Every structure is written in C-alpha cells, then in structure tokens.
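Enquirer: So here's entry_17.cif (mmCIF, C-alpha atoms and all ligand atoms).
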data_structure
#
loop_
_atom_site.label_atom_id
_atom_site.label_comp_id
_atom_site.auth_asym_id
_atom_site.auth_seq_id
_atom_site.Cartn_x
_atom_site.Cartn_y
_atom_site.Cartn_z
CA MET Y 1 -123.49 -2.88 -27.99
CA LEU Y 2 -122.95 -4.19 -31.49
CA PHE Y 3 -119.30 -4.97 -32.31
CA SER Y 4 -117.63 -5.71 -35.65
CA TYR Y 5 -114.24 -6.77 -36.94
CA SER Y 6 -113.34 -3.14 -37.75
CA GLN Y 7 -113.89 -2.12 -34.14
CA ILE Y 8 -111.94 -5.01 -32.63
CA SER Y 9 -109.00 -4.52 -35.01
CA GLN Y 10 -108.94 -0.76 -34.32
CA TYR Y 11 -108.86 -1.40 -30.55
CA VAL Y 12 -106.07 -3.97 -30.90
CA ARG Y 13 -104.09 -1.52 -33.09
CA CYS Y 14 -104.48 1.42 -30.73
CA PRO Y 15 -107.14 1.75 -27.97
CA ARG Y 16 -106.81 5.55 -28.08
CA GLY Y 17 -107.68 5.48 -31.79
CA TYR Y 18 -110.72 3.33 -30.94
CA ARG Y 19 -111.91 5.98 -28.51
CA TYR Y 20 -111.43 8.78 -31.07
CA ARG Y 21 -113.24 6.85 -33.78
CA TYR Y 22 -116.00 4.97 -32.02
CA LEU Y 23 -116.74 6.99 -28.87
CA ASP Y 24 -115.89 10.54 -29.97
CA GLY Y 25 -117.03 10.11 -33.60
CA TRP Y 26 -113.83 11.26 -35.41
CA GLU Y 27 -113.77 9.72 -38.88
CA GLU Y 28 -111.14 9.93 -41.58
CA ARG Y 29 -112.04 12.16 -44.52
CA GLU Y 30 -112.38 10.20 -47.74
CA SER Y 31 -109.72 12.02 -49.72
CA ARG Y 32 -108.48 9.13 -51.89
CA PRO Y 33 -110.52 7.38 -54.60
CA ALA Y 34 -109.65 3.82 -53.46
CA LYS Y 35 -112.66 3.23 -51.19
CA ALA Y 36 -115.21 4.64 -53.63
CA PHE Y 37 -113.64 2.56 -56.40
CA GLY Y 38 -113.80 -0.57 -54.22
CA ARG Y 39 -117.47 0.02 -53.34
CA SER Y 40 -118.39 0.56 -57.02
CA PHE Y 41 -116.45 -2.53 -58.06
CA GLU Y 42 -118.13 -4.75 -55.45
CA LYS Y 43 -121.55 -3.60 -56.64
CA ALA Y 44 -120.49 -4.54 -60.18
CA LEU Y 45 -119.47 -8.00 -58.99
CA ALA Y 46 -122.84 -8.44 -57.26
CA ALA Y 47 -124.58 -7.47 -60.50
CA TYR Y 48 -122.40 -9.89 -62.50
CA PHE Y 49 -123.31 -12.83 -60.25
CA SER Y 50 -126.98 -11.86 -60.38
CA GLY Y 51 -126.92 -12.10 -64.18
CA ASP Y 52 -126.92 -8.33 -64.80
CA ASP Y 53 -124.43 -6.19 -66.74
CA GLY Y 54 -121.55 -5.71 -64.26
CA GLY Y 55 -119.82 -3.15 -66.51
CA ALA Y 56 -122.95 -0.96 -66.72
CA VAL Y 57 -123.41 -1.10 -62.94
CA PHE Y 58 -119.74 -0.24 -62.41
CA PHE Y 59 -120.07 2.79 -64.70
CA LYS Y 60 -123.22 4.00 -62.91
CA GLU Y 61 -121.69 3.62 -59.44
CA TRP Y 62 -118.25 5.04 -60.31
CA ALA Y 63 -119.87 7.95 -62.21
CA ALA Y 64 -121.28 9.15 -58.87
CA SER Y 65 -117.67 9.90 -57.84
CA ARG Y 66 -116.69 11.67 -61.07
CA ASP Y 67 -116.73 15.14 -59.50
CA ALA Y 68 -115.60 14.13 -56.01
CA PRO Y 69 -112.56 16.17 -54.87
CA PHE Y 70 -110.30 13.12 -54.56
CA GLU Y 71 -106.52 13.41 -54.40
CA TYR Y 72 -105.45 11.14 -57.27
CA LYS Y 73 -101.91 9.79 -57.37
CA THR Y 74 -99.64 10.93 -60.20
CA GLY Y 75 -100.92 9.44 -63.44
CA GLU Y 76 -104.28 8.42 -61.94
CA THR Y 77 -107.53 9.92 -63.22
CA TRP Y 78 -111.21 9.05 -62.91
CA ASP Y 79 -111.10 7.74 -66.52
CA ARG Y 80 -108.04 5.60 -65.96
CA LEU Y 81 -109.60 3.96 -62.90
CA PHE Y 82 -112.80 3.38 -64.86
CA HIS Y 83 -110.90 1.55 -67.62
CA GLN Y 84 -108.94 -0.47 -65.08
CA GLY Y 85 -112.22 -1.53 -63.43
CA ILE Y 86 -113.76 -2.59 -66.74
CA ARG Y 87 -110.66 -4.59 -67.71
CA LEU Y 88 -110.65 -6.35 -64.34
CA LEU Y 89 -114.33 -7.24 -64.72
CA GLU Y 90 -113.68 -8.64 -68.22
CA ARG Y 91 -110.74 -10.66 -67.01
CA PHE Y 92 -112.72 -11.98 -64.06
CA ALA Y 93 -115.50 -13.19 -66.39
CA GLN Y 94 -112.96 -14.82 -68.75
CA GLU Y 95 -111.17 -16.65 -65.94
CA ASP Y 96 -114.51 -17.89 -64.60
CA ARG Y 97 -113.09 -19.54 -61.48
CA ILE Y 98 -115.86 -18.58 -59.04
CA ARG Y 99 -119.44 -19.76 -58.73
CA ILE Y 100 -121.99 -18.17 -56.39
CA GLY Y 101 -125.21 -20.17 -56.08
CA SER Y 102 -128.33 -18.22 -54.96
CA PRO Y 103 -126.62 -14.81 -55.04
CA GLN Y 104 -129.42 -13.22 -53.01
CA GLU Y 105 -128.40 -15.41 -50.06
CA ASN Y 106 -124.66 -15.79 -50.67
CA LEU Y 107 -123.53 -12.23 -51.39
CA GLN Y 108 -123.14 -9.72 -48.53
CA VAL Y 109 -124.05 -12.43 -46.03
CA LYS Y 110 -124.98 -10.89 -42.67
CA LEU Y 111 -124.04 -12.96 -39.60
CA LEU Y 112 -124.83 -12.12 -35.97
CA ARG Y 113 -123.36 -13.77 -32.90
CA LYS Y 114 -124.19 -13.25 -29.23
CA LEU Y 115 -121.38 -12.17 -26.91
CA PRO Y 116 -121.26 -12.28 -23.09
CA GLY Y 117 -122.80 -9.29 -21.34
CA GLY Y 118 -125.70 -8.97 -23.79
CA HIS Y 119 -123.51 -7.66 -26.62
CA GLU Y 120 -123.56 -8.87 -30.22
CA PHE Y 121 -121.02 -9.21 -33.00
CA VAL Y 122 -121.93 -8.57 -36.64
CA ALA Y 123 -120.06 -9.54 -39.80
CA TYR Y 124 -120.83 -9.13 -43.48
CA LEU Y 125 -119.10 -11.75 -45.63
CA ASP Y 126 -118.58 -10.53 -49.19
CA ALA Y 127 -119.60 -13.93 -50.54
CA VAL Y 128 -119.83 -17.64 -49.88
CA GLY Y 129 -119.21 -19.67 -53.03
CA ALA Y 130 -117.01 -22.13 -54.89
CA VAL Y 131 -113.47 -21.12 -55.85
CA ASP Y 132 -112.06 -23.63 -58.35
CA GLY Y 133 -114.83 -26.01 -57.26
CA GLN Y 134 -114.37 -25.78 -53.46
CA ARG Y 135 -116.78 -23.96 -51.13
CA ARG Y 136 -115.15 -21.05 -49.35
CA ILE Y 137 -115.77 -17.72 -47.66
CA ILE Y 138 -114.74 -15.13 -50.26
CA ASP Y 139 -113.45 -11.64 -49.54
CA TRP Y 140 -112.98 -9.22 -52.47
CA LYS Y 141 -110.14 -6.68 -52.36
CA THR Y 142 -109.17 -4.00 -54.86
CA THR Y 143 -105.61 -2.74 -54.65
CA THR Y 144 -102.78 -1.19 -56.66
CA SER Y 145 -100.16 -3.79 -55.77
CA ARG Y 146 -100.12 -7.58 -55.52
CA TYR Y 147 -100.66 -9.23 -52.14
CA VAL Y 148 -97.71 -11.20 -50.76
CA GLU Y 149 -98.25 -14.93 -51.45
CA ALA Y 150 -95.25 -16.65 -49.85
CA PRO Y 151 -94.61 -18.55 -47.70
CA GLU Y 152 -97.36 -21.08 -48.24
CA ASP Y 153 -100.47 -20.67 -46.03
CA LEU Y 154 -99.59 -17.05 -45.19
CA LEU Y 155 -103.24 -16.12 -45.79
CA SER Y 156 -104.32 -18.35 -42.88
CA LEU Y 157 -102.93 -15.61 -40.58
CA ASP Y 158 -105.23 -12.92 -41.98
CA PRO Y 159 -107.26 -11.75 -38.94
CA GLN Y 160 -110.28 -10.63 -40.96
CA LEU Y 161 -110.62 -14.04 -42.58
CA ILE Y 162 -110.12 -15.72 -39.19
CA CYS Y 163 -112.95 -13.53 -37.88
CA TYR Y 164 -115.26 -14.52 -40.75
CA SER Y 165 -114.40 -18.20 -40.22
CA TRP Y 166 -115.16 -17.80 -36.48
CA MET Y 167 -118.52 -16.20 -37.31
CA SER Y 168 -119.58 -18.71 -39.97
CA GLY Y 169 -117.89 -21.95 -38.85
CA ILE Y 170 -116.57 -22.34 -42.43
CA SER Y 171 -112.87 -23.33 -42.46
CA ASP Y 172 -111.95 -22.65 -46.06
CA VAL Y 173 -111.41 -19.03 -47.07
CA ALA Y 174 -110.25 -17.13 -50.12
CA LEU Y 175 -109.12 -13.64 -50.88
CA VAL Y 176 -109.80 -12.54 -54.44
CA VAL Y 177 -107.51 -9.60 -55.11
CA PHE Y 178 -108.18 -7.30 -58.06
CA VAL Y 179 -104.88 -5.59 -58.81
CA ARG Y 180 -105.23 -2.25 -60.62
CA LYS Y 181 -102.09 -1.87 -62.70
CA ARG Y 182 -101.05 -1.48 -66.31
CA ASN Y 183 -101.76 -5.17 -66.96
CA PRO Y 184 -104.60 -5.91 -64.55
CA GLU Y 185 -104.26 -9.11 -62.58
CA ILE Y 186 -106.49 -11.14 -60.28
CA GLN Y 187 -105.03 -13.20 -57.44
CA TYR Y 188 -107.01 -16.11 -55.98
CA LEU Y 189 -105.41 -16.73 -52.58
CA LYS Y 190 -106.71 -19.65 -50.53
CA ALA Y 191 -106.26 -20.93 -46.97
CA SER Y 192 -107.87 -22.97 -44.21
CA ILE Y 193 -108.54 -21.66 -40.72
CA SER Y 194 -108.21 -24.12 -37.83
CA ASP Y 195 -110.51 -24.67 -34.84
CA ASP Y 196 -107.75 -23.32 -32.57
CA GLN Y 197 -107.54 -20.09 -34.55
CA ARG Y 198 -111.31 -19.63 -34.33
CA ARG Y 199 -111.31 -20.26 -30.55
CA GLU Y 200 -108.40 -17.87 -30.07
CA PHE Y 201 -110.14 -15.14 -32.04
CA GLY Y 202 -113.25 -15.60 -29.88
CA ARG Y 203 -111.12 -15.04 -26.78
CA VAL Y 204 -109.55 -11.90 -28.33
CA VAL Y 205 -113.04 -10.53 -28.97
CA GLU Y 206 -114.20 -11.24 -25.42
CA THR Y 207 -111.15 -9.69 -23.74
CA THR Y 208 -111.29 -6.67 -26.07
CA VAL Y 209 -114.94 -6.07 -25.25
CA GLU Y 210 -114.12 -6.32 -21.52
CA GLN Y 211 -111.35 -3.72 -21.93
CA ILE Y 212 -113.68 -1.38 -23.80
CA GLU Y 213 -116.38 -1.78 -21.12
CA SER Y 214 -113.78 -1.00 -18.45
CA GLY Y 215 -112.87 2.24 -20.24
CA HIS Y 216 -109.24 1.34 -20.99
CA PHE Y 217 -108.10 3.49 -23.91
CA ALA Y 218 -104.33 3.82 -23.46
CA SER Y 219 -102.43 4.80 -26.60
CA HIS Y 220 -100.25 2.27 -28.43
CA SER Y 221 -98.12 4.94 -30.04
CA GLY Y 222 -95.29 4.17 -32.44
CA ILE Y 223 -93.27 6.29 -34.85
CA ARG Y 224 -90.25 4.08 -35.56
CA PHE Y 225 -90.12 1.24 -38.02
CA PRO Y 226 -91.67 -1.32 -37.77
CA GLN Y 227 -94.06 -0.02 -35.08
CA ASN Y 228 -94.76 3.25 -36.83
CA GLY Y 229 -98.57 3.16 -36.65
CA CYS Y 230 -98.89 6.86 -35.74
CA ILE Y 231 -97.39 7.93 -39.06
CA SER Y 232 -100.32 6.55 -41.04
CA CYS Y 233 -102.96 7.07 -38.33
CA PRO Y 234 -105.73 9.52 -39.31
CA HIS Y 235 -106.02 10.60 -35.63
CA LEU Y 236 -102.43 11.84 -35.41
CA GLY Y 237 -103.62 15.48 -35.28
CA LEU Y 238 -105.70 14.76 -32.15
CA CYS Y 239 -102.77 13.14 -30.35
CA LEU Y 240 -100.49 16.06 -31.29
CA ASN Y 241 -103.12 18.76 -30.63
CA ASN Y 242 -102.55 19.92 -34.19
CA GLN Y 243 -105.78 21.56 -35.36
CA GLU Y 244 -104.57 21.98 -38.94
CA LEU Y 245 -103.96 18.24 -39.23
CA VAL Y 246 -107.32 17.47 -37.58
CA THR Y 247 -109.17 19.65 -40.07
CA ALA Y 248 -107.29 18.19 -43.03
CA LYS Y 249 -107.76 14.52 -42.09
CA LEU Y 250 -110.92 14.17 -40.01
CA VAL Y 251 -114.61 14.91 -39.83
CA ARG Y 252 -116.65 14.51 -36.66
CA ARG Y 253 -119.89 12.57 -36.75
CA GLN Y 254 -122.11 13.10 -33.72
CA GLY Y 255 -124.29 10.41 -32.16
CA ALA Y 256 -123.51 7.78 -34.78
CA GLY Y 257 -122.50 4.98 -32.40
CA ASN Y 258 -125.43 2.77 -33.36
CA LEU Y 259 -124.35 2.72 -37.01
CA ASP Y 260 -120.67 1.99 -36.50
CA TRP Y 261 -121.11 -1.55 -37.77
CA LEU Y 262 -121.51 0.07 -41.21
CA ASP Y 263 -117.68 0.25 -41.28
CA GLU Y 264 -117.88 -3.45 -41.93
CA LEU Y 265 -119.58 -2.85 -45.29
CA VAL Y 266 -116.83 -0.62 -46.66
CA ASP Y 267 -113.86 -2.57 -45.44
S1 LIG O 301 -101.63 8.80 -33.50
FE1 LIG O 301 -100.71 6.97 -32.59
S2 LIG O 301 -101.28 7.06 -30.39
FE2 LIG O 301 -102.61 8.50 -31.50
S3 LIG O 301 -104.47 7.33 -31.93
FE3 LIG O 301 -103.12 7.14 -33.72
S4 LIG O 301 -101.93 5.28 -33.39
FE4 LIG O 301 -102.85 5.84 -31.42
#
If you took the structure in this file and wrote it as structure tokens, what would it be?
Ligand code: SF4
Expert:
Amino acid sequence: MLFSYSQISQYVRCPRGYRYRYLDGWEERESRPAKAFGRSFEKALAAYFSGDDGGAVFFKEWAASRDAPFEYKTGETWDRLFHQGIRLLERFAQEDRIRIGSPQENLQVKLLRKLPGGHEFVAYLDAVGAVDGQRRIIDWKTTTSRYVEAPEDLLSLDPQLICYSWMSGISDVALVVFVRKRNPEIQYLKASISDDQRREFGRVVETTVEQIESGHFASHSGIRFPQNGCISCPHLGLCLNNQELVTAKLVRRQGAGNLDWLDELVD
C-alpha cells in the first residue's frame, strides 16, 4: 500500500474516520471555496517561479470555479477572492524573500520512502528553496486568519513539516502563509526539525501502518472542548446514522484506494 501524511494524520485523529475515508471511500463534498482557491493560488506561484505571468495563471485557474456552487461566507464573492489573490501575488513579488532554483525540480517535489512490509510512503513538498537566503522545505498555505507565531519555535511542532523533514532529511522548514483579509499579509514562519523528531515520526508511521493492517478502526469520538473533533468531522452523519447529514456532507467514491495519495496534492 502507498501511504501519505494525510492518511497517517487522519488515522491518528480518528481511526474510524480513516476507515470511512480510505477504505469505504466517503469523501467530504467540496462546498467551500477555500480548497479551489488554494489550488489556483499554488499554480500561480509555480508559474511565477517559472518566469510566467502568475496573475494570468491565477485568473485562468480560479475562473474554472466561477460557477461552482460554493457556500461563500458573508461578504465573500468569487470577485473578492480573485482580487485578494492578485494582491497577495503582487505583495509576494514585492517582498521577494524566496528563491527557487531549477523550479522544474524544486516545486511539487515527489519523495518516496520504503516502509516495512513492502509498503511505501509518498510526500509532495510544495517547494525546496531559499527563504531569506537559507535553504528550507517550503509549504504554502492560504488562509483567512494569521497563523499563531508565539512562543518561539512553535512551528517545529507542526506534524506535516516534521513528516516532510523525515522524508527529505532536510532540517530547516518554512511555512509561507498567505492571509486573505482586507489588508493582505504574508507570514514567513521558520523552524528547524531535530533528528529525534524525525525518528519519532518514523515510529508513528510504522505503528500506524501496523494498526491499519491489523484492522483496528476504533472511534476516537469527542464532542466537548477541547476534544470536540466530531463537531467538525465530515463523517459525523455516518457515526450518527443520519442520512440527511451524509447526503449534505459526503460523496462516495468507489474503488479509488490506489489514488488516495492524491490527497497529498490538495492539502
Ligand atoms: S464523527 Fe467522531 S467518531 Fe465519527 S469518524 Fe468523525 S471523529 Fe471519528
């Protein structure tokens, strides 16, 4: 089997949710514009680093979602998101803090790693490049609110970046956060991942894969703060046997197990 960060983190969050998503094929409906916006924006960044017109690529990609039946938040529209994207791209170019050499090789970098039992692990790094002159793994995020920055080194606890460091052997990581708000802002958050963290993540992956192979899918339910994962879980309708909720939130994809690593590309 081919595993990815998305699968491991889903299992750690709730094994029952893993079973619904990755064995039974229940996927969340894309009802909000955030993911489509993020995908369009990342394609624009790739174009920018390849010397093409990032704004034109963003328009072309985002235009494909113009008539999608998204549920926009109050005050949000397709146009407003388009203008926010363009302003973020302009600001990113002005700040000019990131260099990606050989973009063909250093954007969407695919890494494969062998796991015990004949399994493999796949990761797609958004980029490997220099942030303020230092080589780092780079992960792009688009969001509507700033990421928490304090205390110092908080980012070194981000499991996705630990995973990418484990896969690549690169210690230094950065999260570049594009904040969609009235005055767009870009955060450049940096951290270093230690050897111990990489080793520990490797052990988490191995034990998680063993649990999955053994067919352990107990629920980790929670509805009270701070363990209230069920409230935001797309599979809530399945756990409650609520067909209305299932229909509203989920679609079922049959026989797609071999392509589940694609989650990694949209995360
Ligand atoms: S609703 Fe709760 S118990 Fe059910 S899959 Fe989601 S997180 Fe797990």
Enquirer: If I take CA of Ala68 (chain Y) and CA of Val246 (chain Y), how far is one from the other in Å, to one decimal?
Expert: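 Between CA of Ala68 (chain Y) and CA of Val246 (chain Y) the gap works out to 20.5 Å.
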Enquirer: What's the 12 Å shell around Lys43 (chain Y), counting all atoms listed in the file, without same-chain residues fewer than 3 positions away, as a PyMOL selection string?
Expert: chain Y and resi 36-40+46-50+52-62+85+89+107-108+126+140+265-266
Enquirer: Have a look at Y:His220, Y:Tyr22, Y:Phe225, Y:Val209 and name the one nearest to ligand LIG 301 (chain O); count only C-alpha atoms and all ligand atoms.
Expert: Y:His220
Enquirer: Kindly work out which residues sit at most 6 Å from ligand LIG 301 (chain O), using all atoms listed in the file, and give the list as number ranges by chain.
Expert: Y: 14, 16-17, 219-221, 229-230, 233, 235-236, 239
Enquirer: Go through Y:Thr142, Y:Glu28, Y:Gln160, Y:Arg80 one by one, measure the shortest atom-to-atom distance of each to Ile186 (chain Y) using all atoms listed in the file, and give the residue with the smallest value.
Expert: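 The answer is Y:Thr142, which sits nearest to Ile186 (chain Y).
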Enquirer: I want to know what sits within 8 Å of Thr143 (chain Y), based on all atoms listed in the file, with residues of the same chain fewer than 3 positions away left out; could you give that as a list in words?
Expert: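 So, after excluding close chain neighbours, the residues are Ala34, Arg146, Val177, Phe178, Val179 and Arg180 of chain Y.
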Enquirer: Counting all atoms listed in the file, what is within 12 Å of Thr247 (chain Y), bar same-chain residues fewer than 2 positions away, as a ChimeraX atom specification?
Expert: /Y:26-29,234-238,241-245,249-252
Enquirer: With distances taken over all atoms listed in the file, which residue among Y:Ala174, Y:Ala248, Y:Val131, Y:Val109 lies nearest Glu95 (chain Y)?
Expert: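 Of Y:Ala174, Y:Ala248, Y:Val131, Y:Val109, the one nearest Glu95 (chain Y), counting all atoms listed in the file, is Y:Val131.
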Enquirer: What lies within 12 Å of Cys163 (chain Y) using all atoms listed in the file, ignoring chain neighbours under 6 positions off, as a PyMOL selection string?
Expert: chain Y and resi 4-6+8-9+111+113+121-125+137+139+156-157+169-171+173+193-195+197-205+264
Enquirer: Figure out the distance between CA of Lys141 (chain Y) and CA of Asp79 (chain Y), please, to one decimal in Å.
Expert: 20.2 Å
Enquirer: Report, in Å with one decimal, the straight-line distance from CA of Ser192 (chain Y) to CA of Thr208 (chain Y).
Expert: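 These atoms are spaced 24.6 Å apart.
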Enquirer: With distances taken over all atoms listed in the file, which residue among Y:Ile100, Y:Leu112, Y:Ala63, Y:Ala130 lies nearest Leu81 (chain Y)?
Expert: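 Checking each of Y:Ile100, Y:Leu112, Y:Ala63, Y:Ala130 against Leu81 (chain Y), counting all atoms listed in the file, the winner is Y:Ala63.
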Enquirer: Using all atoms listed in the file, which residue out of Y:Ile86, Y:Leu189, Y:Ala218, Y:Leu2 lies closest to Asp132 (chain Y)?
Expert: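 Nearest candidate to Asp132 (chain Y) out of Y:Ile86, Y:Leu189, Y:Ala218, Y:Leu2: Y:Leu189.
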Enquirer: Pick out the closest residue to Pro151 (chain Y) from this set: Y:Ser168, Y:Ala191, Y:Ile138, Y:Leu88. Count all atoms listed in the file.
Expert: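 Nearest to Pro151 (chain Y): Y:Ala191.
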Enquirer: Box along x, y and z, 3 Å on every side, all listed atoms of region 48-63 of chain Y inside: centre and edge lengths in Å to one decimal, as AutoDock Vina command-line options.
Expert:
--center_x -122.6 --center_y -2.4 --center_z -63.1 --size_x 14.7 --size_y 26.8 --size_z 13.3
Enquirer: If we count only C-alpha atoms and set the cut-off at 6 Å, which residues sit around Phe70 (chain Y), ignoring sequence neighbours fewer than 6 positions away in its own chain? Please answer as a VMD selection string.
Expert: chain Y and resid 31 to 33
